[in-house]
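Let me begin by presenting the structure, written as structure tokens, before commenting on it.
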Amino acid sequence: MYYLGIDVHKRDSYIAVLDDDGDVVEEVRVENANLDDFAQQYAGSEAAIEATINYYTIYDNLSYHLDVVVADPYQTKAIGSAEVKNDRLDVKLLAQLCRAGMIAESYVPPDEIRERRALVRGRKRLVEKRTDFKNEVHAVLDHHGIEYSWSPFSREGRELLAGEDLSLGVVGESLIESYLAVIDKLTEQIKRLEDVIKGCAASLEETQLLMTIPGVSFYSSLLITAEIGEIDRFDAAKQVVSYAGLDPVVRESGDSRTEGNISKHGSGDLRWILVQCANVAVNRCNDLYLGRFYARLKRRKNHQIAIVATARKLLVSIHHMLTRKEAYDPPRVSA
């Protein structure tokens, strides 16, 4: 049996191969296009790769020949921090941890969940880019000392921008015209993706369940379920809370135990959408279950702490809903 530690880069990968005794058999850099041929030489062996942006395809290809696990970079780094160089796991350490059965595994979603993740993440990135260009429009207006209470992106605002009452000059007018054109194009593409998202969410039982929560839409329900993945891999709600990085960092010393800020491990997109949904539930939808919890906590803490805790409580409810296949029906709030 051989044990492979593989450090994946954009075009190539660095590989260390150990034997049963832990001795280095081979240490080599291989073009990613040739990884399949290399893996065949060690067919049936165990391998560990680090979760990187392009690991899905490499994982799939290697899995034809090797027993592959994807290492969680944060947890594996904690195990072997003394061996880490330049913030990158040393491949020999990765192979040693694989040989010892000490790899902290990262979840590898099936193809359909990968596709959903790509869809909702893509929509989010387009919205972020649109916000960047909207901020550029505001910056041009501010640079010219223009005070305004109207939205530059509404019909009225665009008419005012196109008029002659604003002293923007040739450069200012040209910049705003270009930025608005980009904003319009991004909006068109966002709507196109939203149609696909709506159709996908409408076809799934789990997203339909989540849409019974006040403030959870087609988009947010699909994002949440895509980022969580298969719910049955979590035995308890606290595990999915930890996976989302909404668990508090606990510090223990002697008889004392204190809880600090949330860990922020895991999917940032999942944390973001849960906080957004919690805000909508308590501020727009008058959700009594979450609203009362938020209000009670906000009296003792600040808004940010209260809303993050509310997002965590929402995630616990989501875990129960998906596990039991039940619609949203929080305790003590039923009619």
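Identifiers in the structure tokens: chain A, B, ... in order shown; residue index from 1 per chain; ligand index from 1 in order shown.
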- Within segment 96-197 of chain A, find each residue whose DSSP state, derived from the backbone, is alpha helix (DSSP H), and express the selection as a PyMOL selection string. chain A and resi 96-99+111-143+155-162+169-197
Wanna dump the segment 163-256 of chain A-segment 124-127 of chain A contacts at 9 Å for me, each residue with its shortest atom pair and the distance in Å to one decimal, counting only C-alpha atoms, ordered by chain and number, as a Markdown table?
| residue | atom | partner | partner_atom | distance |
| --- | --- | --- | --- | --- |
| A:Leu186 | CA | A:Leu126 | CA | 6.5 |
| A:Thr187 | CA | A:Val127 | CA | 8.0 |
| A:Gln189 | CA | A:Leu126 | CA | 7.9 |
| A:Ile190 | CA | A:Leu126 | CA | 6.5 |
- Considering only C-alpha atoms, state which residue in the set A:Gly215, A:Gly101, A:Pro248, A:Gly268 is at the smallest distance from Arg312 of chain A. A:Pro248
- Message: When you look at Leu223 of chain A with a cut-off of 7 Å (counting only C-alpha atoms), what residues show up, excluding the ones that are within fewer than 4 positions of it in the same chain? I need them as an MDAnalysis selection string.
- Response: chainID A and resid 117 120 219 227
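Atom CA of Val249 of chain A sits 5.5 Å away from atom CA of Ser263 of chain A.
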